[in-house]
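S.K.: Sharing a structure with you now.
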Amino acid sequence: MSEKIETESRKLLGRLRRALAEDSAGQERLDRIVELIATSMLTEVCSIYLFRDADTLELCATEGLQAESVHQTRMRLGEGLVGRVARTRQVVNTADAPSAKGFRYMPETGEERYSSFCGVPIQRLGDALGVLVVQSKDARAFTPDEVYALEVVAMVLAEMTELGAFVGEGAALSARHQQPVMFRGMIGQEGASAGNVYLHEPRVVVTNPISDDPETELERLRAAVDTLRTTVDDLLSSNRAMSADQVEVFEAYRMFANSRSWMRRMEADVTTGLSAEAAVEKEQSLARSRLGQAEDAYMRDRLHDLDDLSNRLLRILTGQGKNTGAEMPENPILIAKNIGPGELLDYGKTLRGIVLEEGSVGSHATVVARAWAIPLVINAKGITTEALNGDAILVDGEQGVVHLRPDDSVKNAFADKLAMQTRAQERYASLRELPAQSLCGTVVALHMNAGLMADLPSLPSSGAEGVGLFRTELQFLIRSQMPKRQELSALYARVIDAAGGKRVAFRTLDIGSDKVLPYMKAIEEPNPAMGWRAIRVGLDKPGILRMQLQALIRAANGGPLAVMFPFVTLHGEFRAARAELDKAIAREERLGNPLPSKLEVGAMLETPSLAYAPDAFFREVDFISVGGNDLKQFFYAADRENELVRRRYDMLNGSFLSFLQTIVARCDALGTALSFCGEDAGRPLEALVLAAIGFRSLSMRPASVGPVKHLLRQVDLGKAGAAVSEALAAGEQDIREFINAWLVDNHQASRTGT
């Protein structure tokens with residue numbers, strides 16, 4: 001870049017800083033800014049278009065176009081050249097705008113007189129705010145130096161928009177971070193909660209985008225980058241136990257931190273008049289626009305690396321970040337882009353809810369949220385850039401909706417919903433010591449799912465008869481290295497003691513798919529849910545399985561023990577896993593350690609193939625637990641992580657229920673104990689139908705035991721079974737409405753779809 005351009009850029013930024021410092025309303029500032037830019041760029045026109053909503057751009061200030069078109073001219077995202085810039089986040093630079101692809105003539109603006117057009121996106125860390133445009137009568141393309149200068153100005157406009165510099169009477173924008181916003185995501189864990197935002201990683205706010213001392217800013221930038229590089233080197237040297245793949249990732253991370261081109265671009269930005277912080281954010285925003293739309297997974301991963309490095313660098317420069325000293329507010333609801341199980345567990349059960357920008361229905365965070373019985377919404381796009389610490393927030397985990405800074409009408413409606421839930425929970429508490437016995441005398445055993453020691457205090461208060469599923473993988477996932485056998489044995493012993501004599505069914509390690517241990521080599525698989533996971537990993541790596549089985553035997557300390565193997569698809573897999581358990585028993589006996597007084601060995605039926613295993617399997621296994629979440633996705637060939645298909649397939653579909661009936665019939669005929677475990681078991685209507693077709697044991701999250709018990713105690717399961725049979729015989733594809741209507745007609749329960 002020429003010295004002349006650098007000087008002109010610094011002059012322009014200096015004029016902008018003075019304009020922004022003036023005591024004037026937001027619209028006056030915008031009008032002054034477009035005038036300054038047009039004068040400095042020697043163009044007849046400068047215009048600023050800002051988003052009114054996610055799909056609509058509005059002309060908010062102009063120098064050169066018709067003044068009456070301000071706040072009147074609007075266009076949709078992708079419409080015209082301005083809309084094209086906003087949609088693609090790419091510069092459009094043309095000498096003949098009317099003939100350019102996508103050009104749209106706006107007669108009210110008078111822009112037909114202008115031939116050349118250059119539009120650059122106004123964006124901040126992936127958040128599109130608008131478009132900055134210059135136009136001139138001369139048919140010419142703007143030079144790279146001129147485009148660069150416009151990008152620098154757009155960066156400053158983005159920062160000042162974030163800081164509310166253009167807010168005021170008659171202003172172009174309403175104040176950011178002050179208006180009510182609704183986010184629609186996906187259901188991670190049901191429930192509803194009201195509270196206040198607590199950001200897992202507070203946003204860095206750049207308050208000084210323009211500098212009048214480039215040399216000082218260059219020194220600050222270089223010192224901060226040196227600190228960053230040292231930090232990355234320390235990360236590598238302090239993690240000597242990393243796998244080869246992990247080392248490769250960190251080396252790529254270090255390569256970015258030492259990138260000369262990245263450093264040169266930021267130094268050039270500072271030289272033009274940006275502060276060090278603004279230069280970092282400018283390059284980060286441009287990288288997001290370049291790589292964010294890449295289809296290549298490697299390129300998207302590199303963008304994540306660059307994002308993380310940039311955020312680290314901004315925290316070094318500003319002193320902002322995780323350790324800001326911000327106190328956790330009352331009724332905290334955690335907001336994060338994503339979060340690992342260890343980080344989430346550090347917060348403890350003080351959280352009232354969790355909202356993630358990313359995540360999945362099978363992620364570690366989801367497992368923990370279910371264990372804590374707190375609402376979780378995932379894939380709430382954009383919430384980390386909109387929310388501020390302390391903001392009022394309402395989380396509706398039943399609908400997958402989040403209300404940030406809600407207005408009074410939404411607050412009142414939500415308060416009514418919470419009050420109804422409270423009254424219902426009080427009613428369920430009175431049933432705590434009563435069995436789930438239907439009007440016809442049939443008793444259904446209700447158990448709870450768990451995965452943490454913190455879950456166990458919920459056992460007596462929930463009214464559950466025991467733990468139908470204890471997920472042992474969480475203790476592996478939250479550690480940076482493989483836990484030792486004695487550590488696991490002590491943990492399992494505490495779980496058994498906390499259960500107070502009630503049965504606990506321990507599921508052996510279920511890793512793979514979305515649950516990858518940080519200290520094991522990650523396997524790239526096209527479809528991990530159907531790949532190397534659960535018992536397949538255990539049988540291929542028997543050392544881990546044996547260690548866990550030995551720890552469970554020692555934890556039982558001569559008392560009863562129930563173990564079940566996950567994701568068994570073939571009889572042979574169960575036999576191989578049972579053989580490993582027999583070897584562990586024999587070894588403990590040789591060592592003189594006490595053996596379990598009663599040993600139950602079960603399998604989780606999560607694929608249709610196991611339902612058609614030979615009779616010998618059903619006779620050998622002590623119990624079968626139907627894993628409803630996985631079984632449903634494999635039955636329908638519908639990935640439960642994919643929102644496009646997940647909701648299309650219902651448990652109360654006739655085909656799936658007929659399949660479940662065949663499992664019940666085989667277990668009944670062969671005397672095999674059977675239970676159903678999964679989300680559907682904790683939904684009252686689904687639980688009723690499961691009990692009606694013959695399941696006499698259900699396992700669910702603790703908070704679901706009361707609602708399920710409440711409904712089961714109001715119905716005659718014999719009559720309910722007959723109603724289900726009638727619906728299936730009539731060829732009903734989905735019997736949900738049929739059973740709901742049956743409940744209402746029989747005056748046995750209010751209509752419920754939960």
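Ordered as shown in the structure tokens, chains take letters A, B, and onward, while each chain numbers its residues from 1 and ligands are numbered from 1 in the order shown.
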Show me, as a VMD selection string, the residues that have an atom within 8 Å of Ser116 of chain A when counting only C-alpha atoms, minus same-chain residues fewer than 4 positions from it.
M.R.: chain A and resid 93 to 97 135 to 141
S.K.: What would the file look like if the residues just selected were written as an mmCIF file, in the first residue's frame with N, CA and C atoms?
M.R.:
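Output file part-v1.cif follows:
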```
data_model
loop_
_atom_site.group_PDB
_atom_site.id
_atom_site.type_symbol
_atom_site.label_atom_id
_atom_site.label_comp_id
_atom_site.auth_asym_id
_atom_site.auth_seq_id
_atom_site.Cartn_x
_atom_site.Cartn_y
_atom_site.Cartn_z
ATOM 1 N N ASN A 93 -17.496 -4.573 -6.935
ATOM 2 C CA ASN A 93 -16.789 -3.414 -7.495
ATOM 3 C C ASN A 93 -16.950 -3.455 -9.006
ATOM 4 N N THR A 94 -17.719 -2.522 -9.579
ATOM 5 C CA THR A 94 -17.990 -2.556 -11.007
ATOM 6 C C THR A 94 -17.986 -1.143 -11.588
ATOM 7 N N ALA A 95 -17.488 -1.032 -12.830
ATOM 8 C CA ALA A 95 -17.463 0.257 -13.517
ATOM 9 C C ALA A 95 -18.783 0.565 -14.210
ATOM 10 N N ASP A 96 -19.622 -0.478 -14.391
ATOM 11 C CA ASP A 96 -20.893 -0.298 -15.101
ATOM 12 C C ASP A 96 -21.996 -0.981 -14.304
ATOM 13 N N ALA A 97 -22.457 -0.307 -13.260
ATOM 14 C CA ALA A 97 -23.416 -0.910 -12.348
ATOM 15 C C ALA A 97 -24.713 -1.343 -13.037
ATOM 16 N N GLN A 135 -20.391 5.612 -5.109
ATOM 17 C CA GLN A 135 -20.725 5.598 -6.526
ATOM 18 C C GLN A 135 -20.199 6.880 -7.175
ATOM 19 N N SER A 136 -19.921 6.797 -8.459
ATOM 20 C CA SER A 136 -19.502 7.999 -9.194
ATOM 21 C C SER A 136 -20.011 7.922 -10.626
ATOM 22 N N LYS A 137 -20.068 9.102 -11.286
ATOM 23 C CA LYS A 137 -20.546 9.154 -12.669
ATOM 24 C C LYS A 137 -19.547 8.530 -13.633
ATOM 25 N N ASP A 138 -18.263 8.682 -13.336
ATOM 26 C CA ASP A 138 -17.231 8.121 -14.208
ATOM 27 C C ASP A 138 -17.308 6.601 -14.205
ATOM 28 N N ALA A 139 -17.190 6.028 -15.372
ATOM 29 C CA ALA A 139 -17.195 4.565 -15.484
ATOM 30 C C ALA A 139 -15.805 4.032 -15.157
ATOM 31 N N ARG A 140 -15.596 3.699 -13.888
ATOM 32 C CA ARG A 140 -14.284 3.199 -13.477
ATOM 33 C C ARG A 140 -14.439 2.198 -12.352
ATOM 34 N N ALA A 141 -13.557 1.238 -12.314
ATOM 35 C CA ALA A 141 -13.508 0.319 -11.179
ATOM 36 C C ALA A 141 -12.620 0.931 -10.110
#
```
S.K.: Need to verify the contact set: Ser438 of chain A, 6 Å, only C-alpha atoms, exclusion of same-chain residues closer than 5 positions in sequence. Can you return it as a PyMOL selection string?
M.R.: chain A and resi 712-713+715-716
S.K.: At a cut-off of 12 Å, using only C-alpha atoms, what residues contact segment 682-684 of chain A? Leave out same-chain residues fewer than 5 positions from it and give the result as number ranges by chain.
M.R.: A: 189-191, 370, 373, 398, 446-449, 464, 628-629, 651-652, 676-677, 689-691, 697-715, 736, 739-740, 743, 749-754
S.K.: Since we have the selection now, will you write its residues out, keeping C-alpha atoms, as a short mmCIF file (atom, residue, chain, number, x, y, z; two decimals), in the first residue's frame?
M.R.:
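Final output, out_2.cif:
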```cif
data_model
loop_
_atom_site.label_atom_id
_atom_site.label_comp_id
_atom_site.auth_asym_id
_atom_site.auth_seq_id
_atom_site.Cartn_x
_atom_site.Cartn_y
_atom_site.Cartn_z
CA GLN A 189 -33.81 -30.90 27.34
CA GLU A 190 -37.42 -30.13 28.14
CA GLY A 191 -38.51 -27.75 30.86
CA ARG A 370 -30.83 -34.09 31.39
CA ALA A 373 -33.20 -31.82 34.84
CA GLU A 398 -40.39 -27.72 25.48
CA LEU A 446 -40.52 -46.41 37.28
CA HIS A 447 -36.76 -45.91 37.40
CA MET A 448 -34.54 -42.89 36.79
CA ASN A 449 -31.57 -42.32 34.50
CA ALA A 464 -38.21 -43.64 41.40
CA GLY A 628 -35.63 -45.90 22.64
CA ASN A 629 -33.60 -42.95 21.35
CA MET A 651 -42.86 -43.09 18.70
CA LEU A 652 -46.65 -43.37 18.55
CA PHE A 676 -37.84 -49.17 28.10
CA CYS A 677 -35.30 -46.38 28.55
CA VAL A 689 -48.90 -46.35 25.55
CA LEU A 690 -45.69 -48.23 26.41
CA ALA A 691 -47.33 -49.59 29.55
CA SER A 697 -40.57 -51.10 33.64
CA LEU A 698 -39.68 -47.64 32.39
CA SER A 699 -36.54 -45.54 32.98
CA MET A 700 -36.51 -41.74 32.59
CA ARG A 701 -35.03 -38.49 33.88
CA PRO A 702 -35.92 -37.85 37.55
CA ALA A 703 -38.25 -34.91 36.86
CA SER A 704 -40.44 -37.12 34.63
CA VAL A 705 -41.25 -39.75 37.26
CA GLY A 706 -43.98 -37.64 38.92
CA PRO A 707 -45.91 -36.71 35.74
CA VAL A 708 -45.76 -40.29 34.41
CA LYS A 709 -46.86 -41.77 37.73
CA HIS A 710 -49.70 -39.23 37.98
CA LEU A 711 -51.15 -40.30 34.61
CA LEU A 712 -50.66 -44.06 35.06
CA ARG A 713 -52.55 -43.98 38.38
CA GLN A 714 -55.59 -42.46 36.63
CA VAL A 715 -56.06 -45.01 33.87
CA ARG A 736 -51.41 -39.81 19.32
CA ILE A 739 -55.24 -41.90 22.53
CA ASN A 740 -55.61 -38.27 23.54
CA LEU A 743 -58.34 -40.10 27.55
CA ALA A 749 -57.03 -37.25 32.37
CA SER A 750 -56.87 -33.94 30.66
CA ARG A 751 -55.70 -33.84 27.09
CA THR A 752 -51.93 -34.04 26.99
CA GLY A 753 -49.40 -34.14 24.21
CA THR A 754 -46.35 -34.11 26.45
#
```
S.K.: Could you name the residues that touch Arg74 of chain A at 9 Å or less, counting only C-alpha atoms, but leaving out those on the same chain fewer than 5 positions away, as a count of residues only?
M.R.: 6
S.K.: For the atom pair atom CA of Val443 of chain A and atom CA of Tyr492 of chain A, what is the interatomic distance in Å to one decimal place?
M.R.: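 Interatomic distance here is 29.5 Å.
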S.K.: What lies within 12 Å of Ala54 of chain A using only C-alpha atoms, ignoring chain neighbours under 3 positions off, as a JSON list (two decimals) with C-alpha atoms, in the first residue's frame?
M.R.:
```json
[["chain", "number", "residue", "atom", "x", "y", "z"],
["A", 50, "LEU", "CA", -28.32, -1.03, 7.52],
["A", 51, "PHE", "CA", -30.38, -4.08, 8.40],
["A", 57, "LEU", "CA", -31.84, -3.51, 4.28],
["A", 58, "GLU", "CA", -32.76, 0.17, 4.57],
["A", 75, "MET", "CA", -34.57, -4.04, -0.30],
["A", 76, "ARG", "CA", -34.53, -7.72, 0.57],
["A", 77, "LEU", "CA", -31.36, -9.67, 1.28],
["A", 78, "GLY", "CA", -29.85, -10.60, -2.09],
["A", 83, "GLY", "CA", -28.43, -6.95, -1.31],
["A", 86, "ALA", "CA", -25.06, -8.22, 2.19],
["A", 87, "ARG", "CA", -25.87, -11.82, 1.26],
["A", 127, "ASP", "CA", -22.70, -10.53, 12.30],
["A", 128, "ALA", "CA", -23.86, -8.66, 9.17],
["A", 129, "LEU", "CA", -24.89, -5.09, 10.01],
["A", 130, "GLY", "CA", -25.22, -3.47, 6.59],
["A", 181, "VAL", "CA", -35.27, -10.84, 20.74],
["A", 382, "GLY", "CA", -26.65, -15.64, 17.11]]
```
S.K.: Fewer than 4 positions away in the same chain doesn't count, so skip those; otherwise give me all residues within 7 Å of Val133 of chain A, counting only C-alpha atoms, as a PyMOL selection string.
M.R.: chain A and resi 46-48+118-120
